[in-house]
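Structure file coords_19.cif (mmCIF, C-alpha atoms and all ligand atoms) follows.
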data_input
loop_
_atom_site.group_PDB
_atom_site.id
_atom_site.type_symbol
_atom_site.label_atom_id
_atom_site.label_comp_id
_atom_site.auth_asym_id
_atom_site.auth_seq_id
_atom_site.Cartn_x
_atom_site.Cartn_y
_atom_site.Cartn_z
ATOM 1 C CA MET A 1 -44.632 -46.656 -30.083
ATOM 2 C CA ARG A 2 -40.954 -45.748 -30.464
ATOM 3 C CA PHE A 3 -41.309 -42.363 -28.746
ATOM 4 C CA GLU A 4 -43.517 -43.167 -25.741
ATOM 5 C CA ASN A 5 -43.038 -40.387 -23.146
ATOM 6 C CA LYS A 6 -40.288 -38.707 -25.165
ATOM 7 C CA VAL A 7 -40.369 -34.921 -25.510
ATOM 8 C CA VAL A 8 -39.850 -33.637 -29.049
ATOM 9 C CA MET A 9 -39.399 -29.984 -30.089
ATOM 10 C CA VAL A 10 -40.078 -28.999 -33.713
ATOM 11 C CA THR A 11 -39.468 -25.476 -35.044
ATOM 12 C CA GLY A 12 -41.753 -24.268 -37.829
ATOM 13 C CA GLY A 13 -44.202 -27.002 -36.828
ATOM 14 C CA ALA A 14 -47.329 -25.239 -38.105
ATOM 15 C CA ALA A 15 -47.049 -26.320 -41.744
ATOM 16 C CA GLY A 16 -45.316 -28.475 -44.325
ATOM 17 C CA ILE A 17 -42.527 -30.853 -43.304
ATOM 18 C CA GLY A 18 -42.513 -29.607 -39.688
ATOM 19 C CA ARG A 19 -46.204 -30.278 -39.206
ATOM 20 C CA VAL A 20 -46.071 -33.811 -40.632
ATOM 21 C CA THR A 21 -42.922 -34.510 -38.596
ATOM 22 C CA ALA A 22 -44.681 -33.441 -35.386
ATOM 23 C CA GLU A 23 -47.655 -35.689 -36.307
ATOM 24 C CA ASN A 24 -45.296 -38.626 -36.945
ATOM 25 C CA PHE A 25 -43.759 -38.324 -33.472
ATOM 26 C CA ALA A 26 -47.164 -37.798 -31.811
ATOM 27 C CA LYS A 27 -48.555 -40.977 -33.443
ATOM 28 C CA GLU A 28 -45.733 -42.895 -31.770
ATOM 29 C CA GLY A 29 -46.408 -41.588 -28.285
ATOM 30 C CA ALA A 30 -44.237 -38.450 -28.036
ATOM 31 C CA ARG A 31 -45.192 -35.269 -26.226
ATOM 32 C CA ILE A 32 -44.679 -32.451 -28.730
ATOM 33 C CA ALA A 33 -43.692 -28.807 -28.377
ATOM 34 C CA ILE A 34 -43.888 -26.854 -31.608
ATOM 35 C CA CYS A 35 -43.072 -23.239 -32.296
ATOM 36 C CA ASP A 36 -43.818 -21.123 -35.343
ATOM 37 C CA ILE A 37 -44.034 -17.511 -36.430
ATOM 38 C CA ASN A 38 -47.658 -18.119 -37.537
ATOM 39 C CA PRO A 39 -49.855 -18.297 -34.399
ATOM 40 C CA GLU A 40 -53.173 -19.343 -36.013
ATOM 41 C CA ALA A 41 -51.703 -22.291 -37.920
ATOM 42 C CA GLY A 42 -49.510 -23.160 -34.912
ATOM 43 C CA GLU A 43 -52.445 -23.371 -32.482
ATOM 44 C CA THR A 44 -54.427 -25.481 -34.947
ATOM 45 C CA ALA A 45 -51.494 -27.827 -35.548
ATOM 46 C CA ALA A 46 -50.852 -28.255 -31.805
ATOM 47 C CA LYS A 47 -54.511 -29.127 -31.104
ATOM 48 C CA ALA A 48 -54.242 -32.045 -33.537
ATOM 49 C CA LEU A 49 -51.156 -33.371 -31.699
ATOM 50 C CA GLY A 50 -52.964 -34.455 -28.535
ATOM 51 C CA PRO A 51 -53.684 -33.027 -25.085
ATOM 52 C CA GLU A 52 -50.051 -32.810 -24.005
ATOM 53 C CA ALA A 53 -48.852 -30.898 -27.069
ATOM 54 C CA SER A 54 -47.944 -27.229 -26.812
ATOM 55 C CA PHE A 55 -47.456 -24.327 -29.194
ATOM 56 C CA GLU A 56 -45.576 -21.080 -28.751
ATOM 57 C CA LYS A 57 -45.209 -18.195 -31.172
ATOM 58 C CA VAL A 58 -41.452 -17.811 -31.568
ATOM 59 C CA ASP A 59 -39.270 -16.209 -34.217
ATOM 60 C CA VAL A 60 -36.428 -18.743 -34.312
ATOM 61 C CA ALA A 61 -33.967 -16.064 -35.471
ATOM 62 C CA ASP A 62 -34.401 -14.321 -32.100
ATOM 63 C CA SER A 63 -32.181 -15.903 -29.439
ATOM 64 C CA THR A 64 -34.137 -14.421 -26.512
ATOM 65 C CA GLY A 65 -37.429 -15.851 -27.784
ATOM 66 C CA VAL A 66 -35.823 -19.251 -28.398
ATOM 67 C CA SER A 67 -34.247 -19.348 -24.902
ATOM 68 C CA SER A 68 -37.530 -18.631 -23.179
ATOM 69 C CA TRP A 69 -39.332 -21.232 -25.361
ATOM 70 C CA VAL A 70 -36.766 -23.902 -24.459
ATOM 71 C CA GLU A 71 -36.898 -22.974 -20.735
ATOM 72 C CA GLY A 72 -40.702 -23.145 -20.798
ATOM 73 C CA VAL A 73 -40.712 -26.539 -22.520
ATOM 74 C CA PHE A 74 -38.221 -27.960 -20.015
ATOM 75 C CA GLU A 75 -40.272 -26.585 -17.105
ATOM 76 C CA LYS A 76 -43.480 -28.104 -18.503
ATOM 77 C CA TYR A 77 -42.220 -31.549 -19.496
ATOM 78 C CA GLY A 78 -39.088 -32.030 -17.341
ATOM 79 C CA GLN A 79 -36.936 -33.351 -20.206
ATOM 80 C CA ILE A 80 -36.055 -32.697 -23.891
ATOM 81 C CA ASP A 81 -35.213 -35.747 -25.979
ATOM 82 C CA VAL A 82 -35.373 -34.554 -29.590
ATOM 83 C CA LEU A 83 -34.893 -31.185 -31.321
ATOM 84 C CA VAL A 84 -35.837 -30.791 -34.984
ATOM 85 C CA ASN A 85 -34.512 -27.538 -36.492
ATOM 86 C CA ASN A 86 -37.010 -27.289 -39.339
ATOM 87 C CA ALA A 87 -38.167 -23.659 -39.717
ATOM 88 C CA GLY A 88 -36.954 -22.159 -42.972
ATOM 89 C CA ILE A 89 -37.702 -19.472 -45.561
ATOM 90 C CA THR A 90 -36.610 -18.493 -49.061
ATOM 91 C CA ARG A 91 -35.989 -14.975 -50.459
ATOM 92 C CA ASP A 92 -34.683 -15.845 -53.915
ATOM 93 C CA SER A 93 -32.887 -13.599 -56.396
ATOM 94 C CA LEU A 94 -29.651 -13.515 -58.335
ATOM 95 C CA ILE A 95 -26.652 -12.381 -56.286
ATOM 96 C CA MET A 96 -26.279 -9.050 -58.105
ATOM 97 C CA ARG A 97 -29.858 -8.093 -57.212
ATOM 98 C CA MET A 98 -30.049 -9.703 -53.791
ATOM 99 C CA LYS A 99 -31.023 -7.242 -51.058
ATOM 100 C CA GLU A 100 -28.942 -7.224 -47.896
ATOM 101 C CA ALA A 101 -32.179 -7.572 -45.899
ATOM 102 C CA ASP A 102 -33.020 -10.786 -47.786
ATOM 103 C CA TRP A 103 -29.556 -12.212 -47.129
ATOM 104 C CA ASP A 104 -29.868 -11.407 -43.409
ATOM 105 C CA ALA A 105 -33.423 -12.747 -43.098
ATOM 106 C CA VAL A 106 -32.601 -16.113 -44.678
ATOM 107 C CA ILE A 107 -29.371 -16.600 -42.720
ATOM 108 C CA GLY A 108 -31.231 -15.623 -39.537
ATOM 109 C CA VAL A 109 -34.238 -17.911 -39.914
ATOM 110 C CA ASN A 110 -32.451 -20.861 -41.558
ATOM 111 C CA LEU A 111 -29.051 -20.935 -39.822
ATOM 112 C CA LYS A 112 -28.794 -18.674 -36.772
ATOM 113 C CA SER A 113 -32.030 -20.325 -35.618
ATOM 114 C CA ALA A 114 -30.256 -23.664 -35.333
ATOM 115 C CA PHE A 115 -27.427 -22.071 -33.337
ATOM 116 C CA ASN A 116 -30.034 -20.499 -31.017
ATOM 117 C CA CYS A 117 -31.972 -23.740 -30.500
ATOM 118 C CA ILE A 118 -28.972 -26.079 -30.235
ATOM 119 C CA LYS A 119 -27.218 -23.800 -27.741
ATOM 120 C CA ALA A 120 -30.296 -23.662 -25.490
ATOM 121 C CA VAL A 121 -31.203 -27.369 -25.772
ATOM 122 C CA SER A 122 -27.709 -28.856 -25.584
ATOM 123 C CA LYS A 123 -27.221 -27.655 -21.992
ATOM 124 C CA ILE A 124 -30.214 -29.802 -21.018
ATOM 125 C CA MET A 125 -29.264 -32.781 -23.208
ATOM 126 C CA VAL A 126 -25.693 -32.780 -21.868
ATOM 127 C CA LYS A 127 -27.023 -33.090 -18.303
ATOM 128 C CA GLN A 128 -29.366 -35.898 -19.436
ATOM 129 C CA ARG A 129 -26.449 -37.533 -21.270
ATOM 130 C CA SER A 130 -28.809 -38.281 -24.164
ATOM 131 C CA GLY A 131 -30.492 -36.454 -27.012
ATOM 132 C CA ARG A 132 -31.161 -36.280 -30.727
ATOM 133 C CA ILE A 133 -30.763 -33.184 -32.882
ATOM 134 C CA ILE A 134 -31.933 -33.209 -36.497
ATOM 135 C CA ASN A 135 -31.284 -30.211 -38.751
ATOM 136 C CA LEU A 136 -33.108 -29.526 -42.022
ATOM 137 C CA ALA A 137 -30.526 -28.815 -44.709
ATOM 138 C CA SER A 138 -31.259 -29.086 -48.435
ATOM 139 C CA VAL A 139 -29.835 -30.797 -51.480
ATOM 140 C CA VAL A 140 -28.970 -27.349 -52.837
ATOM 141 C CA GLY A 141 -26.685 -26.804 -49.846
ATOM 142 C CA VAL A 142 -24.486 -29.463 -51.454
ATOM 143 C CA MET A 143 -25.109 -28.805 -55.174
ATOM 144 C CA GLY A 144 -25.469 -24.984 -55.257
ATOM 145 C CA ASN A 145 -28.409 -23.361 -57.056
ATOM 146 C CA PRO A 146 -28.535 -20.125 -59.082
ATOM 147 C CA GLY A 147 -30.875 -17.527 -57.581
ATOM 148 C CA GLN A 148 -30.546 -18.893 -54.053
ATOM 149 C CA ALA A 149 -27.166 -17.707 -52.735
ATOM 150 C CA ASN A 150 -28.615 -16.810 -49.323
ATOM 151 C CA TYR A 151 -30.625 -20.037 -48.988
ATOM 152 C CA VAL A 152 -27.810 -22.266 -50.247
ATOM 153 C CA ALA A 153 -25.296 -20.597 -47.924
ATOM 154 C CA SER A 154 -27.651 -21.145 -44.978
ATOM 155 C CA LYS A 155 -28.115 -24.836 -45.844
ATOM 156 C CA ALA A 156 -24.402 -25.468 -46.458
ATOM 157 C CA GLY A 157 -23.833 -23.744 -43.107
ATOM 158 C CA MET A 158 -26.337 -26.114 -41.536
ATOM 159 C CA ILE A 159 -24.252 -29.070 -42.740
ATOM 160 C CA GLY A 160 -21.036 -27.677 -41.230
ATOM 161 C CA LEU A 161 -22.868 -26.890 -38.009
ATOM 162 C CA THR A 162 -24.259 -30.448 -37.871
ATOM 163 C CA LYS A 163 -20.841 -32.079 -38.266
ATOM 164 C CA THR A 164 -19.172 -29.813 -35.701
ATOM 165 C CA VAL A 165 -21.866 -30.162 -33.043
ATOM 166 C CA ALA A 166 -21.893 -33.948 -33.629
ATOM 167 C CA LYS A 167 -18.181 -33.967 -32.779
ATOM 168 C CA GLU A 168 -18.659 -31.728 -29.727
ATOM 169 C CA LEU A 169 -21.625 -33.606 -28.225
ATOM 170 C CA GLY A 170 -20.955 -37.222 -29.220
ATOM 171 C CA ALA A 171 -19.220 -38.073 -25.951
ATOM 172 C CA ARG A 172 -22.373 -37.004 -24.075
ATOM 173 C CA GLY A 173 -24.619 -39.512 -25.852
ATOM 174 C CA ILE A 174 -26.126 -36.946 -28.223
ATOM 175 C CA THR A 175 -26.399 -37.572 -31.969
ATOM 176 C CA VAL A 176 -26.636 -34.708 -34.473
ATOM 177 C CA ASN A 177 -27.606 -35.313 -38.098
ATOM 178 C CA ALA A 178 -28.915 -33.348 -41.075
ATOM 179 C CA VAL A 179 -31.653 -34.285 -43.516
ATOM 180 C CA ALA A 180 -31.267 -32.819 -47.002
ATOM 181 C CA PRO A 181 -34.594 -32.899 -48.878
ATOM 182 C CA GLY A 182 -34.780 -32.398 -52.624
ATOM 183 C CA PHE A 183 -38.015 -31.151 -54.234
ATOM 184 C CA ILE A 184 -40.839 -31.611 -51.708
ATOM 185 C CA GLU A 185 -44.482 -30.522 -52.233
ATOM 186 C CA THR A 186 -45.143 -27.840 -49.571
ATOM 187 C CA ASP A 187 -46.119 -24.145 -49.412
ATOM 188 C CA MET A 188 -42.420 -23.366 -49.949
ATOM 189 C CA THR A 189 -42.334 -25.002 -53.405
ATOM 190 C CA GLU A 190 -45.924 -24.164 -54.401
ATOM 191 C CA VAL A 191 -44.748 -20.769 -55.638
ATOM 192 C CA LEU A 192 -42.393 -22.288 -58.243
ATOM 193 C CA SER A 193 -43.322 -21.877 -61.915
ATOM 194 C CA ASP A 194 -44.320 -24.881 -64.064
ATOM 195 C CA LYS A 195 -41.043 -24.453 -65.952
ATOM 196 C CA VAL A 196 -38.954 -24.751 -62.781
ATOM 197 C CA ARG A 197 -41.052 -27.705 -61.547
ATOM 198 C CA GLU A 198 -40.550 -29.562 -64.844
ATOM 199 C CA ALA A 199 -36.808 -28.869 -64.741
ATOM 200 C CA MET A 200 -36.635 -30.241 -61.179
ATOM 201 C CA LEU A 201 -38.694 -33.342 -62.001
ATOM 202 C CA SER A 202 -36.454 -34.142 -64.971
ATOM 203 C CA MET A 203 -33.538 -34.455 -62.529
ATOM 204 C CA ILE A 204 -35.302 -36.983 -60.260
ATOM 205 C CA PRO A 205 -34.779 -40.695 -61.100
ATOM 206 C CA LEU A 206 -37.875 -41.680 -59.065
ATOM 207 C CA GLN A 207 -39.842 -39.266 -61.293
ATOM 208 C CA ARG A 208 -41.966 -37.613 -58.651
ATOM 209 C CA ALA A 209 -41.740 -34.787 -56.166
ATOM 210 C CA GLY A 210 -41.252 -35.861 -52.556
ATOM 211 C CA THR A 211 -43.938 -35.538 -49.884
ATOM 212 C CA PRO A 212 -43.552 -34.087 -46.374
ATOM 213 C CA GLN A 213 -44.148 -37.662 -45.178
ATOM 214 C CA ASP A 214 -41.039 -38.896 -47.058
ATOM 215 C CA VAL A 215 -38.940 -36.392 -45.094
ATOM 216 C CA ALA A 216 -40.749 -36.840 -41.766
ATOM 217 C CA ASP A 217 -40.158 -40.616 -41.865
ATOM 218 C CA THR A 218 -36.403 -40.035 -42.243
ATOM 219 C CA ILE A 219 -36.418 -37.576 -39.345
ATOM 220 C CA THR A 220 -38.244 -39.991 -37.033
ATOM 221 C CA PHE A 221 -35.846 -42.774 -38.044
ATOM 222 C CA LEU A 222 -32.856 -40.584 -37.094
ATOM 223 C CA ALA A 223 -34.488 -39.837 -33.726
ATOM 224 C CA SER A 224 -35.238 -43.515 -33.031
ATOM 225 C CA ASP A 225 -33.140 -46.139 -31.232
ATOM 226 C CA SER A 226 -32.489 -47.766 -34.637
ATOM 227 C CA ALA A 227 -30.247 -44.808 -35.533
ATOM 228 C CA ALA A 228 -28.217 -44.861 -32.298
ATOM 229 C CA TYR A 229 -24.878 -45.278 -34.125
ATOM 230 C CA ILE A 230 -25.471 -42.602 -36.790
ATOM 231 C CA THR A 231 -24.121 -39.100 -36.148
ATOM 232 C CA GLY A 232 -22.696 -36.191 -38.156
ATOM 233 C CA GLN A 233 -24.369 -37.452 -41.336
ATOM 234 C CA VAL A 234 -26.344 -35.774 -44.098
ATOM 235 C CA ILE A 235 -29.188 -38.023 -45.265
ATOM 236 C CA HIS A 236 -30.477 -37.044 -48.702
ATOM 237 C CA VAL A 237 -34.215 -37.482 -49.290
ATOM 238 C CA THR A 238 -34.367 -36.512 -52.944
ATOM 239 C CA GLY A 239 -35.675 -39.427 -55.045
ATOM 240 C CA GLY A 240 -32.112 -39.709 -56.323
ATOM 241 C CA MET A 241 -31.861 -36.088 -57.550
ATOM 242 C CA TYR A 242 -28.351 -35.968 -56.134
ATOM 243 C CA MET A 243 -25.999 -38.953 -55.781
HETATM 244 P P1 LIG B 1 -43.005 -24.364 -45.291
HETATM 245 O O1 LIG B 1 -42.878 -22.977 -45.799
HETATM 246 O O2 LIG B 1 -44.119 -25.221 -45.803
HETATM 247 O O3 LIG B 1 -43.097 -24.344 -43.686
HETATM 248 C C1 LIG B 1 -42.146 -23.653 -42.924
HETATM 249 C C2 LIG B 1 -42.735 -23.316 -41.565
HETATM 250 O O4 LIG B 1 -41.744 -22.520 -40.859
HETATM 251 C C3 LIG B 1 -44.006 -22.472 -41.662
HETATM 252 O O5 LIG B 1 -44.993 -22.946 -40.760
HETATM 253 C C4 LIG B 1 -43.515 -21.067 -41.287
HETATM 254 O O6 LIG B 1 -44.521 -20.262 -40.696
HETATM 255 C C5 LIG B 1 -42.397 -21.405 -40.290
HETATM 256 N N1 LIG B 1 -41.466 -20.276 -40.109
HETATM 257 C C6 LIG B 1 -41.005 -19.432 -41.065
HETATM 258 N N2 LIG B 1 -40.225 -18.496 -40.515
HETATM 259 C C7 LIG B 1 -40.173 -18.748 -39.176
HETATM 260 C C8 LIG B 1 -39.542 -18.107 -38.074
HETATM 261 N N3 LIG B 1 -38.778 -17.009 -38.234
HETATM 262 N N4 LIG B 1 -39.705 -18.645 -36.836
HETATM 263 C C9 LIG B 1 -40.478 -19.752 -36.655
HETATM 264 N N5 LIG B 1 -41.124 -20.380 -37.663
HETATM 265 C C10 LIG B 1 -40.979 -19.883 -38.902
HETATM 266 O O7 LIG B 1 -41.594 -25.057 -45.548
HETATM 267 P P2 LIG B 1 -41.227 -26.599 -45.791
HETATM 268 O O8 LIG B 1 -41.192 -26.836 -47.236
HETATM 269 O O9 LIG B 1 -42.046 -27.457 -44.898
HETATM 270 O O10 LIG B 1 -39.710 -26.585 -45.294
HETATM 271 C C11 LIG B 1 -39.290 -27.051 -44.024
HETATM 272 C C12 LIG B 1 -37.773 -27.106 -43.996
HETATM 273 O O11 LIG B 1 -37.319 -27.990 -45.018
HETATM 274 C C13 LIG B 1 -37.103 -25.749 -44.278
HETATM 275 O O12 LIG B 1 -35.953 -25.613 -43.475
HETATM 276 C C14 LIG B 1 -36.733 -25.855 -45.743
HETATM 277 O O13 LIG B 1 -35.663 -25.021 -46.073
HETATM 278 C C15 LIG B 1 -36.374 -27.330 -45.851
HETATM 279 N N6 LIG B 1 -36.436 -27.838 -47.213
HETATM 280 C C16 LIG B 1 -37.618 -27.844 -47.910
HETATM 281 C C17 LIG B 1 -37.631 -28.307 -49.216
HETATM 282 C C18 LIG B 1 -38.877 -28.343 -50.049
HETATM 283 O O14 LIG B 1 -38.783 -28.721 -51.229
HETATM 284 N N7 LIG B 1 -40.057 -27.995 -49.530
HETATM 285 C C19 LIG B 1 -36.398 -28.784 -49.867
HETATM 286 C C20 LIG B 1 -35.240 -28.750 -49.038
HETATM 287 C C21 LIG B 1 -35.272 -28.280 -47.757
#

Could you quickly redo this structure as structure tokens?
Amino acid sequence: MRFENKVVMVTGGAAGIGRVTAENFAKEGARIAICDINPEAGETAAKALGPEASFEKVDVADSTGVSSWVEGVFEKYGQIDVLVNNAGITRDSLIMRMKEADWDAVIGVNLKSAFNCIKAVSKIMVKQRSGRIINLASVVGVMGNPGQANYVASKAGMIGLTKTVAKELGARGITVNAVAPGFIETDMTEVLSDKVREAMLSMIPLQRAGTPQDVADTITFLASDSAAYITGQVIHVTGGMYM
């Protein structure tokens, strides 16, 4: 029970990697606060996380909504130990055809969200003189990927944000790391064509897509006492897709 009595916040916790991550922490004793844009799936996910879990409908791109979520969580539980910035979307197209609205939406949900959440939570963690922040980046944020300029820019931004905040908050006992998944089976990748899936699989030495559990286990490790001396790092969970 590595997270007994700890309070863990997960954005986009209603589905995919966020949901399995929240379950991982709950199994090890944590009290979980999830938010999501999807209220039905969010309520259902929270119910499965135990009596002390909570859900709030929040658009993570909206700083006012995020601030009131964080304030509410702190009021309810009295502490915040872990923040997982997981919510993310794709709006893929080649740069010449990419709509400004799709650029703005992806940067808002994938990157500004982390600024919103970290800003609100860090004030509390600094006073506690402890905390763990884990940001979901992506392997493509390091490699680049045609058709995903908005998504790749948001994930590369997440890596720069992680390193900078790690430097700013290290002296206060707070670690900040990024996890960069490769090709993981979730709703986000379900929409990919067989051709794209085959192309991705051919790049993976372990010859399989990853599972949300593969990523969640890395996130819980980074939040655990075993990772106390790791900060500002990008941990790739890709089956070797990128080395
Ligand atoms: P998913 O699409 O299965 O789940 C994302 C969750 O975020 C959903 O519950 C969705 O409702 C929620 N969400 C979307 N917009 C939101 C908003 N504005 N405010 C609050 N919640 C919102 O996605 P998946 O695959 O679980 O991805 C999780 C994270 O991992 C994302 O940041 C994604 O970019 C990243 N990632 C995923 C990879 C994959 O292969 N699935 C690969 C690399 C990174």

Need to verify the contact set: Gly42 in chain A, 7 Å, all atoms listed in the file, exclusion of same-chain residues closer than 5 positions in sequence. Can you return it as a PDB file with C-alpha atoms, in the frame of the given file?
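Dumped to result.pdb:
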ATOM      1  CA  GLY A  13     -44.202 -27.002 -36.828  1.00  0.00           C
ATOM      2  CA  ALA A  14     -47.329 -25.239 -38.105  1.00  0.00           C
ATOM      3  CA  CYS A  35     -43.072 -23.239 -32.296  1.00  0.00           C
ATOM      4  CA  ASP A  36     -43.818 -21.123 -35.343  1.00  0.00           C
ATOM      5  CA  PHE A  55     -47.456 -24.327 -29.194  1.00  0.00           C
TER       6      PHE A  55
END

Test item: the PyMOL selection byres (((not hetatm)) within 6 of (chain B and resi 1)) resolved as a PyMOL selection string: chain A and resi 11-18+36-38+58-61+86-89+109+136-138+181-189

Produce a table with one row for each residue of range 11-108 of chain A that has an atom at most 8 Å from any atom of range 148-169 of chain A, each row naming the nearest atom pair and its distance in Å at one decimal; use only C-alpha atoms; arrange rows by chain and rising residue number; format as a tab-separated table.
residue	atom	partner	partner_atom	distance
A:Ile89	CA	A:Tyr151	CA	7.9
A:Thr90	CA	A:Tyr151	CA	6.2
A:Arg91	CA	A:Tyr151	CA	7.5
A:Asp92	CA	A:Gln148	CA	5.1
A:Ser93	CA	A:Gln148	CA	6.2
A:Leu94	CA	A:Gln148	CA	6.9
A:Ile95	CA	A:Ala149	CA	6.4
A:Asp102	CA	A:Asn150	CA	7.6
A:Trp103	CA	A:Asn150	CA	5.2
A:Val106	CA	A:Tyr151	CA	6.2
A:Ile107	CA	A:Ser154	CA	5.4

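Closest to Gly78 in chain A among A:Ile124, A:Ala228, A:Ile133, A:Ile118 is A:Ile124, based on all atoms listed in the file.
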
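Our summary of the geometry notes that CA of Gly29 in chain A is positioned 7.2 Å from CA of Arg2 in chain A.
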
Test item: residues at most 12 Å from Thr238 in chain A, only C-alpha atoms, excluding those fewer than 6 positions along its chain, as number ranges by chain: A: 137-140, 179-185, 200-201, 203-212, 214-215, 218

Given the PyMOL selection byres (((chain A and resi 79-83) around 6) and not hetatm), the residues it picks as an NGL selection string: :A and (6-9 or 74 or 77-78 or 84 or 131-133)

Closest of A:Asn116, A:Ser122, A:Asn5, A:Asn110 to Ala53 in chain A - atom-to-atom distances counting only C-alpha atoms: A:Asn5

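Nearest residue to Thr220 in chain A, choosing from A:Glu100, A:Ser113, A:Glu56, A:Asn177 and counting all atoms listed in the file: A:Asn177.
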
Atomic separation - CA of Met243 in chain A relative to CA of Glu198 in chain A, Å: 19.5 Å

Surrounding residues of Ser67 in chain A excluding itself and chain neighbours under 5 positions, 9 Å, all atoms listed in the file, as a ChimeraX atom specification: /A:62,72,116-117,119-121
